[in-house]
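Heads up, data-v7.cif below (mmCIF, C-alpha atoms):
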data_model
#
loop_
_atom_site.group_PDB
_atom_site.id
_atom_site.type_symbol
_atom_site.label_atom_id
_atom_site.label_comp_id
_atom_site.auth_asym_id
_atom_site.auth_seq_id
_atom_site.Cartn_x
_atom_site.Cartn_y
_atom_site.Cartn_z
ATOM 1 C CA MET A 232 -0.124 -12.026 -3.016
ATOM 2 C CA ASN A 233 -2.024 -9.662 -5.257
ATOM 3 C CA VAL A 234 -5.652 -8.877 -4.560
ATOM 4 C CA ALA A 235 -8.052 -8.920 -7.492
ATOM 5 C CA PRO A 236 -9.515 -5.489 -8.382
ATOM 6 C CA ASP A 237 -12.953 -7.071 -8.106
ATOM 7 C CA SER A 238 -12.397 -7.458 -4.351
ATOM 8 C CA TYR A 239 -11.841 -3.724 -3.973
ATOM 9 C CA VAL A 240 -14.828 -2.847 -6.174
ATOM 10 C CA THR A 241 -17.029 -5.250 -4.190
ATOM 11 C CA LEU A 242 -15.796 -3.747 -0.935
ATOM 12 C CA SER A 243 -16.603 -0.289 -2.302
ATOM 13 C CA ALA A 244 -20.123 -1.372 -3.341
ATOM 14 C CA VAL A 245 -20.781 -2.945 0.061
ATOM 15 C CA LEU A 246 -19.628 0.205 1.881
ATOM 16 C CA PHE A 247 -21.839 2.287 -0.429
ATOM 17 C CA CYS A 248 -24.868 0.144 0.427
ATOM 18 C CA ILE A 249 -24.188 0.412 4.166
ATOM 19 C CA GLY A 250 -24.148 4.185 3.683
ATOM 20 C CA VAL A 251 -27.428 4.053 1.742
ATOM 21 C CA VAL A 252 -29.063 2.145 4.603
ATOM 22 C CA GLY A 253 -27.765 4.773 7.018
ATOM 23 C CA VAL A 254 -29.165 7.683 5.018
ATOM 24 C CA ILE A 255 -32.579 6.068 4.624
ATOM 25 C CA ALA A 256 -33.085 4.342 7.963
ATOM 26 C CA ARG A 257 -31.598 6.802 10.455
ATOM 27 C CA ARG A 258 -33.450 9.940 11.414
ATOM 28 C CA ASN A 259 -30.657 11.673 13.306
ATOM 29 C CA PRO A 260 -29.360 14.296 10.857
ATOM 30 C CA LEU A 261 -25.789 13.966 12.139
ATOM 31 C CA ILE A 262 -25.726 10.215 11.545
ATOM 32 C CA MET A 263 -27.337 10.785 8.143
ATOM 33 C CA LEU A 264 -24.506 13.188 7.273
ATOM 34 C CA MET A 265 -21.928 10.665 8.458
ATOM 35 C CA SER A 266 -23.571 8.066 6.228
ATOM 36 C CA ILE A 267 -23.209 10.504 3.327
ATOM 37 C CA GLU A 268 -19.484 10.668 4.143
ATOM 38 C CA LEU A 269 -19.470 6.860 3.909
ATOM 39 C CA LEU A 270 -20.991 7.158 0.431
ATOM 40 C CA PHE A 271 -18.274 9.609 -0.650
ATOM 41 C CA ASN A 272 -15.591 7.302 0.693
ATOM 42 C CA ALA A 273 -17.021 4.267 -1.070
ATOM 43 C CA ALA A 274 -17.007 6.174 -4.367
ATOM 44 C CA ASN A 275 -13.427 7.289 -3.711
ATOM 45 C CA LEU A 276 -12.339 3.709 -3.071
ATOM 46 C CA ALA A 277 -13.743 2.684 -6.478
ATOM 47 C CA LEU A 278 -11.984 5.643 -8.150
ATOM 48 C CA VAL A 279 -8.642 4.821 -6.549
ATOM 49 C CA THR A 280 -9.033 1.130 -7.414
ATOM 50 C CA TYR A 281 -9.613 1.851 -11.092
ATOM 51 C CA ALA A 282 -6.793 4.400 -11.107
ATOM 52 C CA ARG A 283 -4.483 1.673 -9.808
ATOM 53 C CA LEU A 284 -5.873 -0.829 -12.296
ATOM 54 C CA TRP A 285 -5.207 1.373 -15.338
ATOM 55 C CA LEU A 286 -2.155 3.111 -13.821
ATOM 56 C CA ASN A 287 -3.800 6.449 -14.622
ATOM 57 C CA ASN A 288 -3.765 9.113 -11.942
ATOM 58 C CA ALA A 289 -6.901 10.881 -13.234
ATOM 59 C CA GLY A 290 -8.758 8.742 -10.700
ATOM 60 C CA HIS A 291 -6.575 10.138 -7.909
ATOM 61 C CA ILE A 292 -7.304 13.713 -9.019
ATOM 62 C CA PHE A 293 -11.015 13.003 -9.115
ATOM 63 C CA ALA A 294 -10.890 11.430 -5.642
ATOM 64 C CA PHE A 295 -9.045 14.533 -4.434
ATOM 65 C CA LEU A 296 -11.836 16.749 -5.818
ATOM 66 C CA VAL A 297 -14.433 14.512 -4.159
ATOM 67 C CA ILE A 298 -12.667 14.943 -0.811
ATOM 68 C CA THR A 299 -12.698 18.731 -1.277
ATOM 69 C CA VAL A 300 -16.385 18.811 -2.155
ATOM 70 C CA ALA A 301 -17.113 16.494 0.772
ATOM 71 C CA ALA A 302 -15.342 18.902 3.124
ATOM 72 C CA ALA A 303 -17.343 21.863 1.792
ATOM 73 C CA GLU A 304 -20.558 19.851 1.979
ATOM 74 C CA ALA A 305 -19.883 18.751 5.546
ATOM 75 C CA ALA A 306 -19.170 22.331 6.662
ATOM 76 C CA ILE A 307 -22.335 23.759 5.101
ATOM 77 C CA ALA A 308 -24.582 20.867 6.109
ATOM 78 C CA LEU A 309 -23.352 20.965 9.716
ATOM 79 C CA ALA A 310 -23.915 24.733 9.842
ATOM 80 C CA ILE A 311 -27.489 24.224 8.635
ATOM 81 C CA VAL A 312 -28.047 21.403 11.149
ATOM 82 C CA ALA A 313 -26.632 23.511 13.992
ATOM 83 C CA VAL A 314 -28.911 26.439 13.132
ATOM 84 C CA ALA A 315 -32.035 24.429 12.302
ATOM 85 C CA PHE A 316 -32.025 22.131 15.324
ATOM 86 C CA ARG A 317 -31.069 24.714 17.941
ATOM 87 C CA SER A 318 -34.741 25.557 18.435
ATOM 88 C CA LEU A 319 -36.209 22.072 18.058
ATOM 89 C CA PRO A 320 -36.792 19.659 20.953
ATOM 90 C CA HIS A 321 -35.367 16.608 19.203
ATOM 91 C CA VAL A 322 -32.416 16.247 16.897
ATOM 92 C CA ASP A 323 -34.576 14.375 14.411
ATOM 93 C CA ALA A 324 -34.746 14.913 10.671
ATOM 94 C CA ASP A 325 -38.536 14.386 10.699
ATOM 95 C CA ASP A 326 -39.014 17.337 13.065
ATOM 96 C CA ALA A 327 -37.511 19.764 10.576
ATOM 97 C CA ALA A 328 -40.775 20.331 8.716
ATOM 98 C CA LEU A 329 -40.842 24.134 8.600
ATOM 99 C CA LEU A 330 -41.050 24.200 4.807
ATOM 100 C CA LYS A 331 -43.784 21.562 4.657
ATOM 101 C CA GLY A 332 -46.541 24.179 4.306
ATOM 102 C CA MET B 17 -3.840 -10.505 0.624
ATOM 103 C CA ILE B 18 -4.208 -10.892 4.377
ATOM 104 C CA VAL B 19 -3.838 -7.126 4.797
ATOM 105 C CA PHE B 20 -6.735 -6.584 2.391
ATOM 106 C CA TRP B 21 -9.025 -8.922 4.294
ATOM 107 C CA ILE B 22 -8.177 -7.365 7.655
ATOM 108 C CA LEU B 23 -8.854 -3.908 6.222
ATOM 109 C CA ALA B 24 -12.064 -5.053 4.513
ATOM 110 C CA ILE B 25 -13.439 -6.540 7.724
ATOM 111 C CA LEU B 26 -12.417 -3.415 9.649
ATOM 112 C CA LEU B 27 -14.028 -1.127 7.044
ATOM 113 C CA ILE B 28 -17.328 -3.003 6.909
ATOM 114 C CA ALA B 29 -17.545 -3.492 10.685
ATOM 115 C CA SER B 30 -16.844 0.185 11.393
ATOM 116 C CA ALA B 31 -19.312 1.293 8.704
ATOM 117 C CA VAL B 32 -22.036 -0.913 10.194
ATOM 118 C CA PHE B 33 -21.204 0.435 13.656
ATOM 119 C CA THR B 34 -21.412 4.017 12.347
ATOM 120 C CA VAL B 35 -24.844 3.430 10.870
ATOM 121 C CA THR B 36 -26.305 1.473 13.789
ATOM 122 C CA ALA B 37 -24.826 3.381 16.740
ATOM 123 C CA GLN B 38 -27.371 4.887 19.123
ATOM 124 C CA LYS B 39 -25.513 8.140 19.795
ATOM 125 C CA PRO B 40 -23.808 10.334 17.180
ATOM 126 C CA VAL B 41 -20.587 10.378 19.224
ATOM 127 C CA TYR B 42 -20.277 6.603 18.868
ATOM 128 C CA SER B 43 -20.862 7.050 15.143
ATOM 129 C CA VAL B 44 -17.955 9.497 15.021
ATOM 130 C CA VAL B 45 -15.684 6.889 16.601
ATOM 131 C CA GLY B 46 -16.846 4.276 14.083
ATOM 132 C CA LEU B 47 -16.268 6.732 11.262
ATOM 133 C CA LEU B 48 -12.764 7.490 12.544
ATOM 134 C CA VAL B 49 -11.824 3.800 12.397
ATOM 135 C CA ASN B 50 -13.377 3.648 8.922
ATOM 136 C CA PHE B 51 -11.376 6.620 7.636
ATOM 137 C CA VAL B 52 -8.056 5.351 8.996
ATOM 138 C CA ALA B 53 -8.671 1.879 7.556
ATOM 139 C CA LEU B 54 -9.546 3.480 4.222
ATOM 140 C CA ALA B 55 -6.305 5.473 4.288
ATOM 141 C CA ALA B 56 -4.440 2.189 4.785
ATOM 142 C CA THR B 57 -6.370 0.744 1.834
ATOM 143 C CA TYR B 58 -5.290 3.719 -0.286
ATOM 144 C CA LEU B 59 -1.684 2.963 0.637
ATOM 145 C CA GLU B 60 -2.263 -0.617 -0.509
ATOM 146 C CA LEU B 61 -3.447 0.818 -3.844
ATOM 147 C CA HIS B 62 -0.380 3.094 -4.188
ATOM 148 C CA ALA B 63 -2.296 6.326 -3.580
ATOM 149 C CA GLU B 64 0.142 7.795 -1.081
ATOM 150 C CA PHE B 65 -0.948 11.421 -1.273
ATOM 151 C CA LEU B 66 -4.641 10.506 -0.994
ATOM 152 C CA ALA B 67 -3.915 8.382 2.065
ATOM 153 C CA VAL B 68 -2.327 11.364 3.818
ATOM 154 C CA ILE B 69 -5.123 13.704 2.662
ATOM 155 C CA GLN B 70 -7.686 11.187 3.905
ATOM 156 C CA ILE B 71 -6.157 11.294 7.386
ATOM 157 C CA ILE B 72 -5.710 15.075 7.474
ATOM 158 C CA VAL B 73 -8.966 16.223 5.874
ATOM 159 C CA TYR B 74 -11.389 13.514 6.937
ATOM 160 C CA SER B 75 -10.092 12.289 10.279
ATOM 161 C CA GLY B 76 -8.597 15.653 11.164
ATOM 162 C CA ALA B 77 -10.985 18.312 9.922
ATOM 163 C CA ILE B 78 -14.388 16.840 9.088
ATOM 164 C CA LEU B 79 -14.673 14.591 12.138
ATOM 165 C CA ILE B 80 -13.648 17.418 14.467
ATOM 166 C CA LEU B 81 -16.394 19.499 12.847
ATOM 167 C CA PHE B 82 -18.888 16.710 13.604
ATOM 168 C CA VAL B 83 -17.722 16.543 17.211
ATOM 169 C CA PHE B 84 -18.089 20.327 17.547
ATOM 170 C CA VAL B 85 -21.641 20.295 16.179
ATOM 171 C CA ILE B 86 -22.582 17.412 18.482
ATOM 172 C CA ALA B 87 -21.199 19.423 21.407
ATOM 173 C CA LEU B 88 -23.013 22.551 20.206
ATOM 174 C CA LEU B 89 -26.375 20.816 19.869
ATOM 175 C CA SER B 90 -26.086 19.135 23.258
ATOM 176 C CA SER B 91 -24.896 22.197 25.186
ATOM 177 C CA GLY B 92 -28.244 24.017 25.105
ATOM 178 C CA VAL B 93 -30.694 24.441 27.964
ATOM 179 C CA LYS B 94 -32.523 21.238 27.108
ATOM 180 C CA PRO B 95 -30.693 17.948 27.380
ATOM 181 C CA PHE B 96 -29.515 16.421 24.164
ATOM 182 C CA GLU B 97 -32.249 14.140 22.987
ATOM 183 C CA VAL B 98 -32.397 11.749 20.150
ATOM 184 C CA GLY B 99 -35.889 11.630 18.782
ATOM 185 C CA PRO B 100 -37.948 8.460 18.896
ATOM 186 C CA ASN B 101 -35.967 5.947 16.932
ATOM 187 C CA ARG B 102 -37.887 4.981 13.837
ATOM 188 C CA ALA B 103 -35.033 2.850 12.529
ATOM 189 C CA PRO B 104 -36.701 -0.590 12.959
ATOM 190 C CA ARG B 105 -39.708 0.477 10.881
ATOM 191 C CA ILE B 106 -37.646 1.794 7.968
ATOM 192 C CA ALA B 107 -34.747 -0.651 8.268
ATOM 193 C CA ILE B 108 -36.239 -3.436 6.139
ATOM 194 C CA PRO B 109 -37.244 -1.237 3.165
ATOM 195 C CA ALA B 110 -33.864 0.501 3.436
ATOM 196 C CA ILE B 111 -31.975 -2.801 3.342
ATOM 197 C CA VAL B 112 -34.105 -3.996 0.400
ATOM 198 C CA PHE B 113 -33.330 -0.743 -1.421
ATOM 199 C CA ALA B 114 -29.610 -1.058 -0.625
ATOM 200 C CA ALA B 115 -29.643 -4.641 -1.939
ATOM 201 C CA LEU B 116 -31.192 -3.331 -5.164
ATOM 202 C CA VAL B 117 -28.440 -0.690 -5.382
ATOM 203 C CA LEU B 118 -25.832 -3.407 -4.845
ATOM 204 C CA ALA B 119 -27.399 -5.532 -7.585
ATOM 205 C CA GLY B 120 -27.409 -2.506 -9.898
ATOM 206 C CA ILE B 121 -23.730 -1.809 -9.235
ATOM 207 C CA ALA B 122 -22.846 -5.479 -9.771
ATOM 208 C CA ALA B 123 -24.807 -5.603 -13.032
ATOM 209 C CA THR B 124 -23.180 -2.402 -14.297
ATOM 210 C CA VAL B 125 -19.651 -3.525 -13.391
ATOM 211 C CA ALA B 126 -20.233 -6.948 -14.956
ATOM 212 C CA GLY B 127 -21.827 -5.425 -18.057
ATOM 213 C CA THR B 128 -19.054 -2.924 -18.777
ATOM 214 C CA ARG B 129 -16.188 -5.292 -18.128
ATOM 215 C CA THR B 130 -13.309 -4.679 -20.484
ATOM 216 C CA ALA B 131 -9.955 -6.374 -20.708
ATOM 217 C CA ALA B 132 -8.295 -4.586 -17.834
ATOM 218 C CA PRO B 133 -4.669 -5.255 -17.022
ATOM 219 C CA SER B 134 -4.057 -7.234 -13.875
ATOM 220 C CA MET B 135 -2.947 -5.456 -10.752
ATOM 221 C CA ALA B 136 0.266 -7.453 -10.535
ATOM 222 C CA GLY B 137 3.350 -5.303 -10.943
ATOM 223 C CA GLY B 138 3.337 -2.092 -12.976
ATOM 224 C CA VAL B 139 4.371 0.175 -10.112
ATOM 225 C CA THR B 140 8.075 0.766 -9.749
ATOM 226 C CA GLY B 141 9.738 1.860 -6.548
ATOM 227 C CA ASP B 142 11.249 5.155 -7.688
ATOM 228 C CA ALA B 143 10.090 8.592 -6.539
ATOM 229 C CA ASN B 144 8.205 9.495 -9.738
ATOM 230 C CA ALA B 145 6.304 6.208 -9.961
ATOM 231 C CA PHE B 146 2.537 6.040 -10.313
ATOM 232 C CA GLY B 147 0.745 7.306 -7.223
ATOM 233 C CA SER B 148 3.757 8.970 -5.648
ATOM 234 C CA VAL B 149 3.377 12.507 -4.352
ATOM 235 C CA ALA B 150 5.586 13.840 -7.163
ATOM 236 C CA ASN B 151 3.490 12.120 -9.812
ATOM 237 C CA PHE B 152 0.227 13.317 -8.249
ATOM 238 C CA GLY B 153 1.460 16.898 -7.854
ATOM 239 C CA ALA B 154 2.740 17.088 -11.430
ATOM 240 C CA ALA B 155 -0.647 15.948 -12.760
ATOM 241 C CA LEU B 156 -2.538 18.289 -10.432
ATOM 242 C CA PHE B 157 -0.591 21.389 -11.449
ATOM 243 C CA THR B 158 -0.371 20.719 -15.193
ATOM 244 C CA THR B 159 -3.126 18.634 -16.769
ATOM 245 C CA TYR B 160 -5.703 19.223 -14.042
ATOM 246 C CA LEU B 161 -4.865 22.804 -13.093
ATOM 247 C CA LEU B 162 -8.341 24.199 -13.857
ATOM 248 C CA PRO B 163 -10.258 21.706 -11.665
ATOM 249 C CA PHE B 164 -7.736 22.418 -8.916
ATOM 250 C CA GLU B 165 -8.392 26.173 -9.134
ATOM 251 C CA VAL B 166 -12.153 25.588 -9.159
ATOM 252 C CA THR B 167 -11.648 23.662 -5.910
ATOM 253 C CA ALA B 168 -10.354 26.854 -4.304
ATOM 254 C CA LEU B 169 -13.503 28.695 -5.415
ATOM 255 C CA ILE B 170 -15.726 25.931 -4.010
ATOM 256 C CA LEU B 171 -13.990 26.123 -0.633
ATOM 257 C CA MET B 172 -14.257 29.909 -0.513
ATOM 258 C CA VAL B 173 -17.979 29.831 -1.371
ATOM 259 C CA ALA B 174 -18.428 27.199 1.355
ATOM 260 C CA VAL B 175 -16.648 29.327 3.960
ATOM 261 C CA VAL B 176 -18.670 32.442 3.087
ATOM 262 C CA GLY B 177 -21.876 30.396 3.071
ATOM 263 C CA VAL B 178 -21.181 28.859 6.467
ATOM 264 C CA VAL B 179 -20.460 32.270 8.007
ATOM 265 C CA LEU B 180 -23.693 33.655 6.558
ATOM 266 C CA ILE B 181 -25.767 30.676 7.718
ATOM 267 C CA ALA B 182 -24.360 30.075 11.179
ATOM 268 C CA GLY B 183 -22.585 33.367 11.935
ATOM 269 C CA ASP B 184 -23.631 34.642 15.293
ATOM 270 C CA GLU B 185 -27.432 34.923 14.903
ATOM 271 C CA GLY B 186 -28.311 32.300 12.370
ATOM 272 C CA PRO B 187 -29.689 33.044 8.900
ATOM 273 C CA GLY B 188 -29.536 36.746 8.096
ATOM 274 C CA GLY B 189 -27.686 37.396 11.346
ATOM 275 C CA ILE B 190 -25.363 40.064 10.006
ATOM 276 C CA VAL B 191 -28.176 41.943 8.265
ATOM 277 C CA ARG B 192 -30.397 41.774 11.328
ATOM 278 C CA ARG B 193 -27.628 43.064 13.600
ATOM 279 C CA ARG B 194 -26.942 45.968 11.282
ATOM 280 C CA LYS B 195 -30.636 46.926 11.302
ATOM 281 C CA ARG B 196 -30.784 46.703 15.100
ATOM 282 C CA ARG B 197 -27.720 48.893 15.423
ATOM 283 C CA ALA B 198 -29.364 51.453 13.125
ATOM 284 C CA ILE B 199 -32.493 51.453 15.305
ATOM 285 C CA GLU B 200 -30.417 51.885 18.482
ATOM 286 C CA ARG B 201 -28.608 54.804 16.942
ATOM 287 C CA GLU B 202 -31.764 56.576 15.821
ATOM 288 C CA PRO B 203 -32.803 58.461 19.015
ATOM 289 C CA ILE B 204 -29.264 59.807 19.454
ATOM 290 C CA VAL B 205 -29.334 61.200 15.953
ATOM 291 C CA LYS B 206 -32.727 62.852 16.610
ATOM 292 C CA ARG B 207 -31.554 64.411 19.857
ATOM 293 C CA GLU B 208 -28.537 65.843 18.124
ATOM 294 C CA ARG B 209 -30.778 67.307 15.494
ATOM 295 C CA VAL B 210 -33.022 68.928 18.144
ATOM 296 C CA ALA B 211 -30.176 70.333 20.239
ATOM 297 C CA PRO B 212 -28.957 73.151 18.010
#
Written as structure tokens, how would this file's structure read?
Amino acid sequence: MNVAPDSYVTLSAVLFCIGVVGVIARRNPLIMLMSIELLFNAANLALVTYARLWLNNAGHIFAFLVITVAAAEAAIALAIVAVAFRSLPHVDADDAALLKG
Amino acid sequence: MIVFWILAILLIASAVFTVTAQKPVYSVVGLLVNFVALAATYLELHAEFLAVIQIIVYSGAILILFVFVIALLSSGVKPFEVGPNRAPRIAIPAIVFAALVLAGIAATVAGTRTAAPSMAGGVTGDANAFGSVANFGAALFTTYLLPFEVTALILMVAVVGVVLIAGDEGPGGIVRRRKRRAIEREPIVKRERVAP
């Protein structure tokens, strides 16, 4: 009936790696940001798993803070994307090279 | 047990769909499924409050924000284009790197293994049990009050930052508008000075 904590940690690690592939391989900044959300969620899953394992709700508080920071990050990053790619022909992270010099 | 496997398959499949989807809108749908499945997983782990927050903040607020930005970027004069897809070229190094990350996580978890209690039992059914909203709220407003207050500051800085970055004319928009208004006002001021 009970699932081993290792299963949850493995699931979290696999989700994290899928997110890593998304950040590296995709060049659409929106999909890259969504992959970053996947990374946050994978970390949260590990935090909640260990909180459950040790019956210590510090992990829940930390996951709550991660969700808050993720919300702030998403808002700022999407504002930057909306401003930066309004004047570019493609929504492509490689086209945003204004600071390249 | 069966619930865990259903959720795990759903989580991994939706994550893969999010990463491989051709259009960002499809990715949003994949991400929505992922977030809801993760909220169900949190319920499985007795994190009731986090499950609700996951639905409200992630599926409710963040995803709507993504949808708005997708709509904003595609509503311009030019049709919404996705640049030439370079994914196939980078995919193999990315997967190799992700496999290395996975190996690193596995090695770290295996190396720091301590005698953890098993997950069987330990959570009672009453209202103040571990993971209940009452338990979470009591911890948040006593032991972890300072981090909670810092959260408010982070959110306020984010809101001010977003308004400054994207507020009506992009970076420096407010400053630029104020300068333009000053220039428009200038001739009127001069005429008034000449009149008497």
I need the residue nearest Leu276 in chain A from this list: B:Ala115, B:Ile18, B:Val41, B:Leu59. Use only C-alpha atoms for the distance.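 Using only C-alpha atoms, the shortest distance to Leu276 in chain A belongs to B:Leu59.
The interatomic distance for the pair CA of Val52 in chain B and CA of Ile262 in chain A works out to 18.5 Å.
Distances to Thr57 in chain B were evaluated for A:Leu319, A:Ala277, A:Ala327, A:Ala313 using all atoms listed in the file, and the minimum falls at A:Ala277.
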When the PyMOL selection byres ((chain A and resi 239) around 10) is applied to the file above, which residues end up in the set, as a PDB file with C-alpha atoms, keeping the file's coordinate frame?
ATOM      1  CA  VAL A 234      -5.652  -8.877  -4.560  1.00  0.00           C
ATOM      2  CA  ALA A 235      -8.052  -8.920  -7.492  1.00  0.00           C
ATOM      3  CA  PRO A 236      -9.515  -5.489  -8.382  1.00  0.00           C
ATOM      4  CA  ASP A 237     -12.953  -7.071  -8.106  1.00  0.00           C
ATOM      5  CA  SER A 238     -12.397  -7.458  -4.351  1.00  0.00           C
ATOM      6  CA  VAL A 240     -14.828  -2.847  -6.174  1.00  0.00           C
ATOM      7  CA  THR A 241     -17.029  -5.250  -4.190  1.00  0.00           C
ATOM      8  CA  LEU A 242     -15.796  -3.747  -0.935  1.00  0.00           C
ATOM      9  CA  SER A 243     -16.603  -0.289  -2.302  1.00  0.00           C
ATOM     10  CA  ALA A 244     -20.123  -1.372  -3.341  1.00  0.00           C
ATOM     11  CA  VAL A 245     -20.781  -2.945   0.061  1.00  0.00           C
ATOM     12  CA  ALA A 273     -17.021   4.267  -1.070  1.00  0.00           C
ATOM     13  CA  LEU A 276     -12.339   3.709  -3.071  1.00  0.00           C
ATOM     14  CA  ALA A 277     -13.743   2.684  -6.478  1.00  0.00           C
ATOM     15  CA  VAL A 279      -8.642   4.821  -6.549  1.00  0.00           C
ATOM     16  CA  THR A 280      -9.033   1.130  -7.414  1.00  0.00           C
ATOM     17  CA  TYR A 281      -9.613   1.851 -11.092  1.00  0.00           C
TER      18      TYR A 281
ATOM     19  CA  PHE B  20      -6.735  -6.584   2.391  1.00  0.00           C
ATOM     20  CA  ALA B  24     -12.064  -5.053   4.513  1.00  0.00           C
ATOM     21  CA  THR B  57      -6.370   0.744   1.834  1.00  0.00           C
ATOM     22  CA  LEU B  61      -3.447   0.818  -3.844  1.00  0.00           C
TER      23      LEU B  61
END
Taking a cut-off of 6 Å and counting only C-alpha atoms, can you build a table that, for each residue of chain A near chain B, reports the nearest atom pair and how far apart they are in Å (one decimal), sorted by chain then residue number, as a Markdown table?
| residue | atom | partner | partner_atom | distance |
| --- | --- | --- | --- | --- |
| A:Met232 | CA | B:Met17 | CA | 5.4 |
| A:Val234 | CA | B:Met17 | CA | 5.7 |
| A:Cys248 | CA | B:Ala114 | CA | 5.0 |
| A:Val252 | CA | B:Ala110 | CA | 5.2 |
| A:Gly253 | CA | B:Val35 | CA | 5.0 |
| A:Ile255 | CA | B:Ala110 | CA | 5.8 |
| A:Ala256 | CA | B:Ala103 | CA | 5.2 |
| A:Arg257 | CA | B:Ala103 | CA | 5.6 |
| A:Ile262 | CA | B:Pro40 | CA | 6.0 |
| A:Leu284 | CA | B:Met135 | CA | 5.7 |
| A:Ala303 | CA | B:Ala174 | CA | 5.5 |
| A:Ile307 | CA | B:Val178 | CA | 5.4 |
| A:Ala310 | CA | B:Ala182 | CA | 5.5 |
| A:Val314 | CA | B:Gly186 | CA | 5.9 |
| A:His321 | CA | B:Gly99 | CA | 5.0 |
| A:Val322 | CA | B:Val98 | CA | 5.6 |
| A:Asp323 | CA | B:Gly99 | CA | 5.3 |
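What the PyMOL selection byres ((chain A and resi 264) around 10) picks from this file is Gly250, Gly253, Val254, Asn259, Pro260, Leu261, Ile262, Met263, Met265, Ser266, Ile267, Glu268, Leu269, Leu270, Glu304, Ala305, Ala308, Leu309 and Val312 of chain A; Phe82 of chain B.
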Please provide the set of residues having any atom within 12 Å of Leu329 in chain A, restricted to all atoms listed in the file, with same-chain residues fewer than 3 positions apart removed, written as a PDB file with C-alpha atoms, in the frame of the given file.
ATOM      1  CA  ALA A 315     -32.035  24.429  12.302  1.00  0.00           C
ATOM      2  CA  PHE A 316     -32.025  22.131  15.324  1.00  0.00           C
ATOM      3  CA  SER A 318     -34.741  25.557  18.435  1.00  0.00           C
ATOM      4  CA  LEU A 319     -36.209  22.072  18.058  1.00  0.00           C
ATOM      5  CA  ALA A 324     -34.746  14.913  10.671  1.00  0.00           C
ATOM      6  CA  ASP A 325     -38.536  14.386  10.699  1.00  0.00           C
ATOM      7  CA  ASP A 326     -39.014  17.337  13.065  1.00  0.00           C
ATOM      8  CA  GLY A 332     -46.541  24.179   4.306  1.00  0.00           C
TER       9      GLY A 332
END
